[in-house]
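*Asks:* One structure is given below, represented as structure tokens, and several questions about it will come after.
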Amino acid sequence: DAGVIQSPRHEVTEMGQEVTLRCKPISGHDYLFWYRQTMMRGLELLIYFNNNVPIDDSGMPEDRFSAKMPNASFSTLKIQPSEPRDSAVYFCASSLIMNTEAFFGQGTRLTVV
Amino acid sequence: AQSVTQLGSHVSVSEGALVLLRCNYSSSVPPYLFWYVQYPNQGLQLLLKYTSAATLVKGINGFEAEFKKSETSFHLTKPSAHMSDAAEYFCAASSASKIIFGSGTRLSIRP
């Protein structure tokens, strides 16, 4: 398996624009997580899915953020409209079952100018 | 609420010296515990995990960690540091719901 695949690796966008981050989890993994990493706040869990269903989105910072998982092999994290304070590295991770290790993608570095 | 505390945001050791990175967890139920490593511009990679089998857990690259319930600790050690160990290390805990990460410790290795 190629591991968790995220795209794009880098994204630079202007404030107010819509941004969509994409993730392909490892095949067969039932859990998918979206994390945000910044110097100030470290690694924050934004939302996680179990079998394509959102279970906990309490970490989503604002209504500008939304995440979907239309099928077992694809998830998106959307920010609309984007703001400079959204600049961060966004990681997607997947795991086979809860309480096992999560496998991380390479991340998407988002810069909002 | 469950939390993970890593003492020391930055640790610097000499090449060949002992590496000790500290992690304490706060949970009423012993959780599953993990150590991850992050190299620059990379995602997190699992170093080792504790899942209530053996209290001393061996991982990749010569690292190991010991689970001590009485101290609620899961410190990471390596007997002899190598230059390639320079990275950021994250302790994490999982208990029934989500995985919570500590704030990370940046390990620097002096030649």
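Ordering of the structure tokens sets the chain letters (A, B, ...), residue numbers begin anew at 1 in every chain, and ligands are numbered from 1 in the order given.
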Please provide as a list in words all residues within 8 Å of A:Leu21, with the sequence filter that same-chain residues fewer than 5 positions apart are discarded (counting only C-alpha atoms).

*Replies:*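 Within the cut-off, the hits are Gln6, Ser7, Pro8, Thr76, Leu77, Lys78 and Thr108 of chain A.
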
*Asks:* Which residues come within 9 Å of A:Ala2, counting only C-alpha atoms, excluding same-chain residues fewer than 2 positions away, as a ChimeraX atom specification?

*Replies:* /A:4-5,26

*Asks:* Show me, as number ranges by chain, the residues that have an atom within 7 Å of A:Tyr31 when counting only C-alpha atoms, minus same-chain residues fewer than 5 positions from it.

*Replies:* A: 49-51, 94-97

*Asks:* Please dump the current selection as a CSV table (one decimal), in the first residue's frame; keep C-alpha atoms.

*Replies:*
chain,number,residue,atom,x,y,z
A,49,PHE,CA,-14.6,9.7,10.8
A,50,ASN,CA,-15.5,6.0,11.4
A,51,ASN,CA,-16.7,4.1,8.4
A,94,SER,CA,-5.9,6.7,9.1
A,95,SER,CA,-6.1,3.7,11.4
A,96,LEU,CA,-7.4,0.2,11.1
A,97,ILE,CA,-9.4,0.3,14.4

*Asks:* Give as a VMD selection string every residue of chain A that touches chain B within 12 Å, counting only C-alpha atoms.

*Replies:* chain A and resid 3 to 6 9 to 10 31 to 50 55 to 59 89 to 95 97 to 109

*Asks:* Calculated over only C-alpha atoms, which of the candidates A:Asp30, A:Asp63, A:Pro54, A:Val12 has the smallest distance to A:Ile79?

*Replies:*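 Looking at the shortest contact to A:Ile79, the residue is A:Asp63.
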
*Asks:* Please identify all polymer residues within 9 Å of A:Asp86, counting only C-alpha atoms, omitting same-chain residues fewer than 4 positions from it, and present them as a list of chain:residue names.

*Replies:*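 Close residues of A:Asp86: A:Ile79, A:Ser82, A:Leu110, A:Thr111, A:Val112.
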
*Asks:* Can you tell me, as a tab-separated table (two decimals) with N, CA and C atoms, in the first residue's frame, what residues are no more than 7 Å from B:Leu21 when counting only C-alpha atoms, ignoring any on the same chain fewer than 2 positions away?

*Replies:*
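Once everything was written out, this is selection_29.tsv:
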chain	number	residue	atom	x	y	z
B	19	VAL	N	19.67	9.43	25.33
B	19	VAL	CA	18.52	10.27	25.02
B	19	VAL	C	17.38	9.92	25.98
B	23	CYS	N	7.41	11.94	29.05
B	23	CYS	CA	5.99	12.02	28.71
B	23	CYS	C	5.17	11.53	29.90
B	75	HIS	N	8.21	7.43	29.33
B	75	HIS	CA	9.39	8.13	28.84
B	75	HIS	C	10.09	7.34	27.74
B	76	LEU	N	10.63	8.07	26.79
B	76	LEU	CA	11.32	7.49	25.64
B	76	LEU	C	12.83	7.57	25.86
B	77	THR	N	13.55	6.47	25.59
B	77	THR	CA	14.99	6.49	25.78
B	77	THR	C	15.69	5.82	24.60

*Asks:* If you count only C-alpha atoms, which residues fall within 7 Å of B:Thr72, apart from same-chain ones fewer than 3 positions away, as a ChimeraX atom specification?

*Replies:* /B:24-26,68-69

*Asks:* I need the helix (DSSP H, G or I) residues of stretch 9-103 of chain B per DSSP on the backbone, written as a list of chain:residue names.

*Replies:* B:Ile60, B:Asn61, B:Gly62, B:Lys69, B:Ser70, B:Glu71, B:Met83, B:Ser84, B:Asp85

*Asks:* Work out how far atom CA of B:Glu71 is from atom CA of B:Ile109, in Å to one decimal.

*Replies:*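 So the answer is 27.9 Å.
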